[in-house]
$ cat model_26.cif   # mmCIF, C-alpha atoms
data_start
loop_
_atom_site.label_atom_id
_atom_site.label_comp_id
_atom_site.auth_asym_id
_atom_site.auth_seq_id
_atom_site.Cartn_x
_atom_site.Cartn_y
_atom_site.Cartn_z
CA MET E 129 117.47 -13.34 62.76
CA CYS E 130 114.13 -11.63 62.12
CA LEU E 131 111.63 -12.16 64.92
CA ILE E 132 108.02 -12.37 63.78
CA ASN E 133 105.28 -10.87 65.91
CA PHE E 134 102.28 -13.19 65.85
CA LYS E 135 100.09 -10.86 67.91
CA ASN E 136 96.66 -10.38 66.33
CA VAL E 137 97.33 -13.09 63.73
CA ASP E 138 94.15 -15.19 63.71
CA LEU E 139 93.97 -18.35 61.61
CA ASP E 140 91.07 -19.81 63.60
CA LYS E 141 88.35 -17.39 62.50
CA LYS E 142 85.42 -19.13 60.86
CA ILE E 143 84.61 -17.89 57.35
CA ASP E 144 80.96 -17.54 56.43
CA PHE E 145 79.69 -19.44 53.39
CA LEU E 146 80.72 -17.92 50.07
CA PRO E 147 80.05 -19.12 46.51
CA ASN E 148 83.47 -20.77 46.31
CA THR E 149 84.37 -23.30 43.62
CA LYS E 150 85.37 -25.93 46.14
CA THR E 151 81.94 -25.90 47.85
CA ASN E 152 79.78 -25.56 44.73
CA PRO E 153 77.19 -28.35 45.08
CA LYS E 154 76.98 -28.93 41.33
CA THR E 155 80.75 -29.22 41.05
CA LEU E 156 80.93 -31.60 44.01
CA GLU E 157 78.17 -33.76 42.51
CA THR E 158 80.03 -33.93 39.21
CA LEU E 159 83.43 -34.76 40.70
CA PHE E 160 82.53 -36.85 43.74
CA GLY E 161 78.99 -38.08 43.13
CA LYS E 162 77.54 -36.15 46.06
CA SER E 163 77.60 -32.66 47.49
CA ALA E 164 77.58 -33.56 51.19
CA ILE E 165 81.34 -33.85 51.58
CA MET E 166 84.15 -31.95 53.25
CA PRO E 167 86.03 -30.29 50.37
CA MET E 168 89.81 -30.63 50.58
CA TRP E 169 90.66 -30.41 46.92
CA VAL E 170 90.90 -26.88 45.43
CA ALA E 171 94.22 -25.18 46.22
CA ASP E 172 92.95 -22.26 48.27
CA MET E 173 92.65 -21.82 52.04
CA ASP E 174 89.95 -21.93 54.67
CA PHE E 175 91.72 -19.14 56.55
CA ALA E 176 90.57 -15.54 56.67
CA ILE E 177 93.02 -13.18 54.98
CA ALA E 178 95.53 -11.23 57.04
CA LYS E 179 93.91 -8.46 59.06
CA PRO E 180 96.06 -5.67 57.57
CA ILE E 181 94.97 -6.72 54.07
CA GLN E 182 91.34 -6.88 55.15
CA ASN E 183 91.56 -3.42 56.73
CA ALA E 184 93.25 -1.95 53.66
CA LEU E 185 90.57 -3.34 51.37
CA ILE E 186 87.79 -2.01 53.59
CA ALA E 187 89.44 1.40 53.64
CA ARG E 188 89.86 1.38 49.86
CA VAL E 189 86.20 0.45 49.26
CA THR E 190 85.01 3.04 51.77
CA ASP E 191 87.33 5.83 50.70
CA SER E 192 86.37 6.61 47.12
CA GLY E 193 85.18 5.45 43.74
CA PHE E 194 86.81 3.08 41.30
CA ALA E 195 88.19 5.05 38.39
CA TYR E 196 90.96 3.70 36.18
CA GLU E 197 94.09 3.15 38.26
CA TYR E 198 97.80 2.61 37.83
CA LYS E 199 100.32 1.00 40.13
CA PRO E 200 102.03 3.77 42.15
CA GLU E 201 105.69 3.79 43.10
CA SER E 202 104.74 2.68 46.62
CA PHE E 203 103.52 -0.63 45.11
CA PHE E 204 106.75 -1.26 43.20
CA LYS E 205 108.89 -0.33 46.20
CA ALA E 206 106.97 -2.75 48.45
CA GLN E 207 107.17 -5.48 45.84
CA LYS E 208 110.89 -4.97 45.28
CA ASN E 209 111.57 -5.14 49.03
CA TRP E 210 109.54 -8.35 49.34
CA TYR E 211 111.42 -10.10 46.56
CA LYS E 212 114.78 -8.96 47.89
CA ASN E 213 114.04 -10.07 51.45
CA GLN E 214 112.27 -13.31 50.55
CA TYR E 215 114.29 -14.62 47.62
CA GLN E 216 117.41 -12.41 47.26
CA ILE E 217 116.11 -11.21 43.89
CA ASP E 218 116.63 -7.65 42.66
CA LEU E 219 113.33 -7.18 40.88
CA ILE E 220 113.30 -4.56 38.13
CA LYS E 221 109.79 -3.28 37.49
CA GLU E 222 110.35 -2.84 33.74
CA GLN E 223 110.99 -6.61 33.50
CA VAL E 224 107.67 -7.51 35.11
CA LEU E 225 104.46 -7.92 33.09
CA TYR E 226 101.01 -8.53 34.57
CA SER E 227 98.25 -10.82 33.38
CA PRO E 228 95.05 -12.27 34.86
CA THR E 229 96.45 -15.77 35.46
CA ILE E 230 99.60 -17.84 35.11
CA THR E 231 97.94 -20.05 32.50
CA THR E 232 97.13 -16.92 30.48
CA SER E 233 100.84 -16.14 30.37
CA ILE E 234 101.74 -19.75 29.52
CA SER E 235 99.30 -19.68 26.58
CA VAL E 236 100.77 -16.45 25.22
CA ILE E 237 104.38 -17.61 25.55
CA ILE E 238 103.67 -20.95 23.86
CA GLU E 239 101.75 -19.34 21.01
CA ASN E 240 104.40 -16.66 20.46
CA PHE E 241 107.46 -18.91 20.48
CA THR E 242 106.32 -22.29 19.17
CA ASN E 243 104.29 -23.63 16.26
CA LYS E 244 101.25 -25.87 16.22
CA GLY E 245 102.35 -29.45 16.76
CA ASP E 246 105.51 -28.52 18.66
CA GLY E 247 106.24 -30.28 21.94
CA ILE E 248 105.95 -28.72 25.38
CA ILE E 249 107.67 -30.68 28.15
CA ILE E 250 105.99 -31.13 31.53
CA GLN E 251 106.94 -33.24 34.56
CA PRO E 252 103.96 -35.31 35.71
CA PRO E 253 102.28 -35.90 38.00
CA VAL E 254 101.82 -32.14 37.74
CA PHE E 255 99.25 -29.32 37.87
CA MET E 256 96.58 -30.45 35.42
CA GLU E 257 96.10 -27.06 33.78
CA PHE E 258 99.56 -27.29 32.20
CA ARG E 259 98.34 -30.21 30.13
CA GLU E 260 95.01 -28.52 29.35
CA VAL E 261 96.52 -25.25 28.15
CA ILE E 262 99.05 -27.06 25.93
CA ARG E 263 96.25 -28.96 24.23
CA LYS E 264 94.07 -25.86 23.86
CA VAL E 265 96.79 -24.14 21.82
CA LYS E 266 97.24 -27.31 19.76
CA ARG E 267 100.72 -28.28 20.92
CA LYS E 268 101.87 -31.72 22.02
CA VAL E 269 102.28 -32.72 25.66
CA ILE E 270 105.73 -34.25 26.13
CA LYS E 271 106.14 -36.05 29.44
CA ASN E 272 109.32 -36.06 31.49
CA ALA E 273 107.78 -38.06 34.33
CA LEU E 274 109.19 -37.64 37.82
CA LYS E 275 110.76 -40.67 39.50
CA LEU E 276 109.57 -41.86 42.91
CA GLU E 277 112.23 -43.66 44.90
CA ASN E 278 112.20 -44.26 48.65
CA ASN E 279 109.18 -42.00 49.11
CA HIS E 280 111.00 -39.11 47.41
CA TYR E 281 110.44 -37.62 43.96
CA THR E 282 113.36 -36.74 41.70
CA ILE E 283 113.79 -35.53 38.13
CA ASP E 284 114.75 -38.03 35.45
CA PHE E 285 117.53 -35.95 33.93
CA GLY E 286 118.48 -38.57 31.36
CA ASP E 287 114.96 -38.61 29.99
CA LEU E 288 114.76 -34.79 30.16
CA GLU E 289 117.96 -34.56 28.09
CA ASP E 290 116.53 -36.96 25.51
CA LYS E 291 113.26 -35.01 25.25
CA ALA E 292 115.01 -31.62 25.09
CA LYS E 293 117.25 -32.80 22.23
CA LYS E 294 114.29 -33.27 19.92
CA GLU E 295 114.08 -30.25 17.66
CA ASN E 296 110.32 -29.74 17.94
CA ASN E 297 110.29 -29.75 21.76
CA LYS E 298 110.62 -26.02 22.38
CA VAL E 299 109.52 -25.31 25.97
CA LEU E 300 109.87 -26.87 29.44
CA ILE E 301 107.30 -25.93 32.08
CA LEU E 302 108.77 -26.37 35.55
CA CYS E 303 106.65 -26.30 38.71
CA ASN E 304 108.64 -25.08 41.73
CA PRO E 305 107.56 -25.82 44.40
CA HIS E 306 106.00 -28.77 42.65
CA ASN E 307 102.25 -29.25 42.71
CA PRO E 308 101.14 -31.87 43.73
CA VAL E 309 104.17 -33.80 45.02
CA GLY E 310 105.52 -30.99 47.21
CA ARG E 311 109.16 -30.99 46.08
CA VAL E 312 111.13 -27.76 46.42
CA TRP E 313 113.82 -28.18 43.79
CA ILE E 314 117.31 -27.54 45.14
CA LYS E 315 119.94 -25.37 43.47
CA ASN E 316 121.84 -28.32 42.01
CA GLU E 317 118.69 -29.73 40.39
CA LEU E 318 117.76 -26.34 38.94
CA GLU E 319 121.26 -25.87 37.59
CA LYS E 320 121.06 -29.19 35.74
CA ILE E 321 117.72 -28.17 34.23
CA VAL E 322 119.12 -24.83 33.08
CA ILE E 323 122.17 -26.49 31.49
CA ILE E 324 119.92 -28.89 29.54
CA CYS E 325 117.65 -26.06 28.40
CA LYS E 326 120.55 -23.89 27.25
CA LYS E 327 122.29 -26.75 25.46
CA ASN E 328 119.14 -27.52 23.50
CA ASP E 329 117.72 -23.98 23.09
CA VAL E 330 114.62 -24.77 25.17
CA ILE E 331 112.66 -21.94 26.79
CA LEU E 332 112.26 -22.56 30.52
CA ILE E 333 108.98 -21.42 32.09
CA SER E 334 109.10 -21.71 35.88
CA ASP E 335 105.75 -21.58 37.68
CA GLU E 336 106.68 -20.38 41.18
CA ILE E 337 103.25 -19.53 42.60
CA HIS E 338 103.80 -21.65 45.75
CA LYS E 339 107.22 -20.11 46.43
CA ASP E 340 106.33 -18.63 49.83
CA ILE E 341 104.92 -21.83 51.33
CA ILE E 342 108.24 -23.51 52.15
CA LEU E 343 108.19 -26.03 54.99
CA PHE E 344 110.59 -27.59 57.51
CA ASP E 345 113.64 -25.41 56.82
CA ASN E 346 113.74 -26.25 53.11
CA ILE E 347 115.08 -23.45 50.95
CA PHE E 348 113.40 -22.08 47.85
CA THR E 349 115.60 -21.09 44.90
CA SER E 350 114.06 -19.14 42.04
CA ALA E 351 114.95 -19.86 38.43
CA LEU E 352 115.63 -16.12 38.17
CA LEU E 353 118.98 -16.72 39.87
CA PHE E 354 120.15 -18.60 36.75
CA THR E 355 119.34 -16.00 34.09
CA LYS E 356 123.02 -15.12 33.63
CA LYS E 357 123.60 -18.72 32.55
CA TRP E 358 120.53 -18.91 30.28
CA ASP E 359 118.50 -15.86 29.36
CA LYS E 360 115.47 -17.73 28.00
CA ILE E 361 114.05 -18.21 31.50
CA ILE E 362 110.60 -16.87 32.35
CA VAL E 363 109.25 -16.91 35.89
CA LEU E 364 105.48 -16.86 36.33
CA THR E 365 104.21 -16.19 39.81
CA SER E 366 101.75 -14.44 42.09
CA GLU E 367 101.22 -13.88 45.80
CA ALA E 368 97.66 -15.20 45.41
CA LYS E 369 98.48 -18.58 46.96
CA THR E 370 100.62 -17.00 49.65
CA PHE E 371 97.92 -14.73 51.07
CA ASN E 372 94.72 -16.56 50.01
CA LEU E 373 93.78 -14.00 47.36
CA PRO E 374 93.04 -16.09 44.21
CA GLY E 375 89.61 -14.50 43.82
CA ILE E 376 91.07 -11.01 43.26
CA SER E 377 94.58 -11.78 42.12
CA ASP E 378 96.89 -10.81 39.28
CA SER E 379 99.81 -12.88 38.11
CA MET E 380 103.25 -11.75 37.01
CA ALA E 381 105.55 -12.74 34.19
CA ILE E 382 109.13 -11.84 35.08
CA ILE E 383 111.12 -11.79 31.84
CA LEU E 384 114.69 -10.52 31.65
CA ASN E 385 115.15 -11.39 27.97
CA GLU E 386 114.15 -8.23 26.10
CA GLU E 387 113.08 -9.95 22.88
CA ILE E 388 110.83 -12.40 24.70
CA ARG E 389 109.48 -9.70 26.99
CA ASN E 390 108.60 -7.35 24.14
CA SER E 391 106.80 -10.11 22.26
CA VAL E 392 104.75 -11.11 25.32
CA LYS E 393 104.09 -7.46 26.17
CA GLU E 394 102.80 -6.77 22.66
CA THR E 395 100.33 -9.65 22.94
CA PHE E 396 99.22 -8.57 26.41
CA ASN E 397 98.61 -5.07 25.07
CA ARG E 398 96.73 -6.39 22.03
CA TYR E 399 94.25 -8.19 24.28
CA ASN E 400 94.24 -5.45 26.93
CA LEU E 401 95.66 -7.73 29.61
CA GLY E 402 97.44 -6.52 32.71
CA ARG E 403 95.33 -3.50 33.57
CA THR E 404 95.51 -2.49 37.22
CA ASN E 405 92.73 -3.79 39.43
CA ALA E 406 92.25 -1.43 42.37
CA LEU E 407 91.55 -4.13 44.97
CA THR E 408 94.35 -6.39 43.75
CA ARG E 409 96.83 -3.55 43.93
CA VAL E 410 95.80 -2.63 47.49
CA ALA E 411 95.79 -6.24 48.66
CA PHE E 412 99.22 -7.08 47.25
CA GLU E 413 100.91 -3.85 48.34
CA THR E 414 99.61 -4.37 51.87
CA ALA E 415 100.66 -8.02 51.82
CA TYR E 416 104.20 -7.06 50.81
CA LYS E 417 104.41 -4.52 53.62
CA GLU E 418 102.51 -6.20 56.46
CA GLY E 419 101.84 -9.83 55.55
CA LYS E 420 104.95 -11.49 56.98
CA PRO E 421 103.52 -12.30 60.47
CA TRP E 422 100.41 -13.90 58.96
CA LEU E 423 102.55 -15.94 56.57
CA GLY E 424 104.79 -17.07 59.41
CA LYS E 425 101.86 -18.41 61.37
CA LEU E 426 100.39 -20.03 58.26
CA ILE E 427 103.58 -22.00 57.64
CA LYS E 428 103.72 -23.16 61.25
CA THR E 429 100.10 -24.33 60.97
CA ILE E 430 100.78 -26.23 57.72
CA GLU E 431 103.83 -27.89 59.27
CA GLN E 432 101.74 -28.87 62.28
CA ASN E 433 99.13 -30.38 59.97
CA VAL E 434 101.75 -32.37 58.05
CA ASN E 435 103.15 -33.78 61.29
CA LEU E 436 99.65 -34.60 62.51
CA ILE E 437 98.87 -36.61 59.37
CA GLU E 438 102.19 -38.41 59.59
CA ASN E 439 101.49 -39.29 63.23
CA GLU E 440 97.93 -40.48 62.56
CA LEU E 441 99.11 -42.74 59.74
CA SER E 442 101.85 -44.13 61.97
CA ILE E 443 99.80 -44.86 65.09
CA SER E 444 97.02 -46.47 63.04
CA SER E 445 99.51 -48.64 61.11
CA SER E 446 97.69 -47.54 57.99
CA LYS E 447 98.85 -48.73 54.58
CA ILE E 448 98.39 -45.18 53.30
CA ARG E 449 101.72 -43.46 52.78
CA MET E 450 102.31 -39.72 52.74
CA ILE E 451 104.95 -38.09 50.55
CA ARG E 452 106.28 -35.57 53.05
CA PRO E 453 105.99 -32.14 51.41
CA GLU E 454 108.88 -29.70 51.32
CA GLY E 455 106.56 -26.91 50.19
CA THR E 456 102.94 -25.99 49.30
CA TYR E 457 99.93 -26.65 51.52
CA GLN E 458 98.98 -29.94 49.89
CA VAL E 459 99.95 -33.46 50.85
CA TRP E 460 100.29 -36.27 48.33
CA LEU E 461 98.86 -39.50 49.70
CA ASP E 462 99.93 -42.87 48.31
CA PHE E 463 97.25 -45.61 48.10
CA ARG E 464 99.19 -48.00 45.85
CA SER E 465 99.41 -50.76 48.44
CA ILE E 466 95.63 -50.64 48.95
CA PHE E 467 93.98 -50.15 45.55
CA ASN E 468 94.65 -51.35 42.03
CA ASP E 469 92.12 -49.18 40.22
CA THR E 470 92.04 -45.38 40.27
CA LYS E 471 88.27 -45.04 39.97
CA GLU E 472 87.66 -47.55 42.74
CA MET E 473 90.09 -45.63 44.96
CA LEU E 474 88.35 -42.29 44.44
CA ASN E 475 84.85 -43.70 44.79
CA HIS E 476 85.63 -45.80 47.87
CA VAL E 477 87.59 -43.17 49.78
CA THR E 478 85.02 -40.46 49.01
CA LYS E 479 82.02 -42.64 49.86
CA TYR E 480 83.28 -43.94 53.20
CA SER E 481 85.20 -40.89 54.41
CA GLY E 482 83.01 -38.04 53.19
CA ILE E 483 86.21 -36.16 52.24
CA GLY E 484 86.60 -34.70 48.75
CA MET E 485 90.22 -34.86 47.56
CA ASN E 486 91.82 -34.58 44.14
CA ALA E 487 92.22 -37.92 42.43
CA GLY E 488 95.86 -38.35 41.50
CA ARG E 489 95.00 -39.21 37.88
CA TRP E 490 93.82 -35.60 37.43
CA PHE E 491 97.54 -34.72 37.50
CA GLY E 492 98.40 -37.38 34.92
CA ARG E 493 98.33 -41.16 34.86
CA GLU E 494 101.61 -41.11 36.83
CA GLY E 495 99.54 -40.06 39.84
CA GLY E 496 96.90 -42.71 39.31
CA LEU E 497 96.82 -44.34 42.76
CA PHE E 498 97.52 -41.17 44.74
CA MET E 499 95.28 -38.42 46.08
CA ARG E 500 96.03 -34.77 46.83
CA MET E 501 94.74 -33.41 50.12
CA ASN E 502 94.58 -29.67 50.80
CA ILE E 503 95.57 -29.02 54.42
CA ALA E 504 95.23 -25.22 54.46
CA THR E 505 92.60 -25.45 57.15
CA ASN E 506 92.55 -25.69 60.92
CA THR E 507 94.20 -28.63 62.66
CA GLU E 508 90.89 -29.96 63.97
CA ASN E 509 89.61 -30.33 60.40
CA VAL E 510 92.80 -32.05 59.28
CA GLN E 511 92.73 -34.53 62.17
CA ASN E 512 89.06 -35.29 61.60
CA ALA E 513 89.65 -35.77 57.87
CA ILE E 514 92.69 -38.04 58.05
CA GLN E 515 91.04 -40.23 60.68
CA LYS E 516 88.00 -40.64 58.42
CA ILE E 517 90.23 -41.44 55.44
CA ILE E 518 92.10 -44.08 57.46
CA LYS E 519 88.82 -45.66 58.58
CA ALA E 520 87.46 -45.58 55.03
CA VAL E 521 90.44 -47.55 53.77
CA GLU E 522 89.99 -50.09 56.59
CA LYS E 523 86.46 -50.79 55.28
CA ARG E 524 87.81 -52.12 51.99
CA LYS E 525 87.57 -55.86 51.88
#
$ encode --input "model_26.cif" --output "structure tokens"
Amino acid sequence: MCLINFKNVDLDKKIDFLPNTKTNPKTLETLFGKSAIMPMWVADMDFAIAKPIQNALIARVTDSGFAYEYKPESFFKAQKNWYKNQYQIDLIKEQVLYSPTITTSISVIIENFTNKGDGIIIQPPVFMEFREVIRKVKRKVIKNALKLENNHYTIDFGDLEDKAKKENNKVLILCNPHNPVGRVWIKNELEKIVIICKKNDVILISDEIHKDIILFDNIFTSALLFTKKWDKIIVLTSEAKTFNLPGISDSMAIILNEEIRNSVKETFNRYNLGRTNALTRVAFETAYKEGKPWLGKLIKTIEQNVNLIENELSISSSKIRMIRPEGTYQVWLDFRSIFNDTKEMLNHVTKYSGIGMNAGRWFGREGGLFMRMNIATNTENVQNAIQKIIKAVEKRK
């Protein structure tokens, strides 16, 4: 058992105001009708980055200029060790491509391997940008909606099989861990997905950006572990969510299939994607080498926040229900027994609580009477927020 040293890991440091998306007054006015709210919607953290990463970035900025850079062997070695230790994956650097964002990679893959009008399967309620990118490249959104039974989401495999059988449905986008419902798909579930994809010649894209935020002894399994059974599997990921680095992050496309990889690589090269960013390289290499203690404390804090919300809902006898997350730093709150209209829910909760959360309908109509709450903040903020949300609901007549 690996013991983690939490010495000098500080998640309580206050961050000065920055021009962040989640606090942009114009954005808050547009989404919530007012700017004077506590933002708990965008999936980034209120925590300062790990001290070793901060120190490495300061040293890099202080040390020299910013000429064109490449990723040195030290980067690939650190990355390979991280993936081996975290996920039991033997990462081969030649099978990894880099792009600015995961949605950039999704766009390229869809455009290279499908035709306009083809179907792309998603599993709503799910990350809204999947739907947006599919429509931008003029493909059809095909829904394999998740099932909610006994406060637990599962995959409708019968429906997935039916959708995958249709000749024009060429790609499945999987979200693991799932955003926003917090499921960490188990090995048996992933195996069923892979079997369906192989049987019907469907490319499987697995978005695994939340892979490091695994809660309460759940176990993350990467789709990469199934590539011997089906070689048309592409894993898209980044450590941006893990270490609160979305503002300077790269993303990775891990593609073992040589034909698919060469096609994606050619497109990346054509548009000059994937060039090394000096600060990103330093931040990620340092995170791989020295970020484990910070991540350990982060996960303990998120677990504490989940338990706190669960306790507050219980002691208040609130009608709000929480879908207990297995991963990510979001919680999915169920308001179905309180509201009948999605707009009324968002407007009422925001107005009377002063908390800005994602309306569930942003993730698809299947999330209509839910809200996503980002809890990657200190426990005091989470307790204050959930108490205000509970009181806001009690004001509804």
$ residues_around --input "model_26.cif" --residues "segment 387-402 of chain E" --least-positions-apart "2" --cutoff "12 Å" --atoms "only C-alpha atoms" --output "PDB file with C-alpha atoms, in the coordinates of the input"
ATOM      1  CA  GLU E 197      94.090   3.150  38.260  1.00  0.00           C
ATOM      2  CA  TYR E 198      97.800   2.610  37.830  1.00  0.00           C
ATOM      3  CA  LYS E 199     100.320   1.000  40.130  1.00  0.00           C
ATOM      4  CA  GLU E 222     110.350  -2.840  33.740  1.00  0.00           C
ATOM      5  CA  GLN E 223     110.990  -6.610  33.500  1.00  0.00           C
ATOM      6  CA  VAL E 224     107.670  -7.510  35.110  1.00  0.00           C
ATOM      7  CA  LEU E 225     104.460  -7.920  33.090  1.00  0.00           C
ATOM      8  CA  TYR E 226     101.010  -8.530  34.570  1.00  0.00           C
ATOM      9  CA  SER E 227      98.250 -10.820  33.380  1.00  0.00           C
ATOM     10  CA  PRO E 228      95.050 -12.270  34.860  1.00  0.00           C
ATOM     11  CA  THR E 229      96.450 -15.770  35.460  1.00  0.00           C
ATOM     12  CA  ILE E 230      99.600 -17.840  35.110  1.00  0.00           C
ATOM     13  CA  THR E 232      97.130 -16.920  30.480  1.00  0.00           C
ATOM     14  CA  SER E 233     100.840 -16.140  30.370  1.00  0.00           C
ATOM     15  CA  ILE E 234     101.740 -19.750  29.520  1.00  0.00           C
ATOM     16  CA  SER E 235      99.300 -19.680  26.580  1.00  0.00           C
ATOM     17  CA  VAL E 236     100.770 -16.450  25.220  1.00  0.00           C
ATOM     18  CA  ILE E 237     104.380 -17.610  25.550  1.00  0.00           C
ATOM     19  CA  ILE E 238     103.670 -20.950  23.860  1.00  0.00           C
ATOM     20  CA  GLU E 239     101.750 -19.340  21.010  1.00  0.00           C
ATOM     21  CA  ASN E 240     104.400 -16.660  20.460  1.00  0.00           C
ATOM     22  CA  PHE E 241     107.460 -18.910  20.480  1.00  0.00           C
ATOM     23  CA  ILE E 331     112.660 -21.940  26.790  1.00  0.00           C
ATOM     24  CA  LEU E 332     112.260 -22.560  30.520  1.00  0.00           C
ATOM     25  CA  ILE E 333     108.980 -21.420  32.090  1.00  0.00           C
ATOM     26  CA  ASP E 359     118.500 -15.860  29.360  1.00  0.00           C
ATOM     27  CA  LYS E 360     115.470 -17.730  28.000  1.00  0.00           C
ATOM     28  CA  ILE E 361     114.050 -18.210  31.500  1.00  0.00           C
ATOM     29  CA  ILE E 362     110.600 -16.870  32.350  1.00  0.00           C
ATOM     30  CA  VAL E 363     109.250 -16.910  35.890  1.00  0.00           C
ATOM     31  CA  SER E 377      94.580 -11.780  42.120  1.00  0.00           C
ATOM     32  CA  ASP E 378      96.890 -10.810  39.280  1.00  0.00           C
ATOM     33  CA  SER E 379      99.810 -12.880  38.110  1.00  0.00           C
ATOM     34  CA  MET E 380     103.250 -11.750  37.010  1.00  0.00           C
ATOM     35  CA  ALA E 381     105.550 -12.740  34.190  1.00  0.00           C
ATOM     36  CA  ILE E 382     109.130 -11.840  35.080  1.00  0.00           C
ATOM     37  CA  ILE E 383     111.120 -11.790  31.840  1.00  0.00           C
ATOM     38  CA  LEU E 384     114.690 -10.520  31.650  1.00  0.00           C
ATOM     39  CA  ASN E 385     115.150 -11.390  27.970  1.00  0.00           C
ATOM     40  CA  THR E 404      95.510  -2.490  37.220  1.00  0.00           C
ATOM     41  CA  ASN E 405      92.730  -3.790  39.430  1.00  0.00           C
ATOM     42  CA  THR E 408      94.350  -6.390  43.750  1.00  0.00           C
ATOM     43  CA  ARG E 409      96.830  -3.550  43.930  1.00  0.00           C
TER      44      ARG E 409
END
$ closest_atom_pairs --input "model_26.cif" --of "segment 178-289 of chain E" --to "segment 342-347 of chain E" --cutoff "12 Å" --atoms "all atoms listed in the file" --output "JSON lines"
{"residue": "E:Gln214", "atom": "CA", "partner": "E:Ile347", "partner_atom": "CA", "distance": 10.5}
{"residue": "E:Tyr215", "atom": "CA", "partner": "E:Ile347", "partner_atom": "CA", "distance": 9.5}
{"residue": "E:Gln216", "atom": "CA", "partner": "E:Ile347", "partner_atom": "CA", "distance": 11.9}
$ resolve_selection --input "model_26.cif" --expression "the PyMOL selection byres ((chain E and resi 464-474) around 7)" --output "ChimeraX atom specification"
/E:447,462-463,475-478,487,496-497
$ resolve_selection --input "model_26.cif" --expression "the PyMOL selection byres ((chain E and resi 304) around 12)" --output "NGL selection string"
:E and (251 or 254-255 or 301-303 or 305-315 or 317-318 or 333-342 or 347-352 or 363-365 or 454-456)
$ resolve_selection --input "model_26.cif" --expression "the PyMOL selection byres ((chain E and resi 263-280) around 6)" --output "ChimeraX atom specification"
/E:244-252,260-262,281-283,288,451
$ residues_around --input "model_26.cif" --residues "Pro153 of chain E" --least-positions-apart "6" --cutoff "10 Å" --atoms "only C-alpha atoms" --output "number ranges by chain"
E: 147, 159, 162-165
$ closest_residue --input "model_26.cif" --among "E:Arg524, E:Lys417, E:Lys425, E:Lys320" --to "Asp284 of chain E" --atoms "only C-alpha atoms"
E:Lys320
$ residues_around --input "model_26.cif" --residues "Gly375 of chain E" --least-positions-apart "5" --cutoff "10 Å" --atoms "all atoms listed in the file" --output "list of chain:residue names"
E:Asn148, E:Asp172, E:Ala368, E:Thr408
$ write_last_selection --input "model_26.cif" --atoms "C-alpha atoms" --output "mmCIF file, keeping the file's coordinate frame"
data_model
loop_
_atom_site.group_PDB
_atom_site.id
_atom_site.type_symbol
_atom_site.label_atom_id
_atom_site.label_comp_id
_atom_site.auth_asym_id
_atom_site.auth_seq_id
_atom_site.Cartn_x
_atom_site.Cartn_y
_atom_site.Cartn_z
ATOM 1 C CA ASN E 148 83.470 -20.770 46.310
ATOM 2 C CA ASP E 172 92.950 -22.260 48.270
ATOM 3 C CA ALA E 368 97.660 -15.200 45.410
ATOM 4 C CA THR E 408 94.350 -6.390 43.750
#
$ closest_atom_pairs --input "model_26.cif" --of "segment 141-245 of chain E" --to "segment 426-445 of chain E" --cutoff "12 Å" --atoms "only C-alpha atoms" --output "CSV"
residue,atom,partner,partner_atom,distance
E:Met173,CA,E:Leu426,CA,10.1
E:Asp174,CA,E:Leu426,CA,11.2
E:Phe175,CA,E:Leu426,CA,8.9
E:Ala176,CA,E:Leu426,CA,10.9
E:Ile177,CA,E:Leu426,CA,10.6
E:Ala178,CA,E:Leu426,CA,10.1
$ closest_residue --input "model_26.cif" --among "E:Trp490, E:Met168, E:Asn372, E:Lys150" --to "Ile514 of chain E" --atoms "all atoms listed in the file"
E:Met168
$ closest_residue --input "model_26.cif" --among "E:Leu300, E:Leu219, E:Ile376, E:Leu185" --to "Phe204 of chain E" --atoms "all atoms listed in the file"
E:Leu219
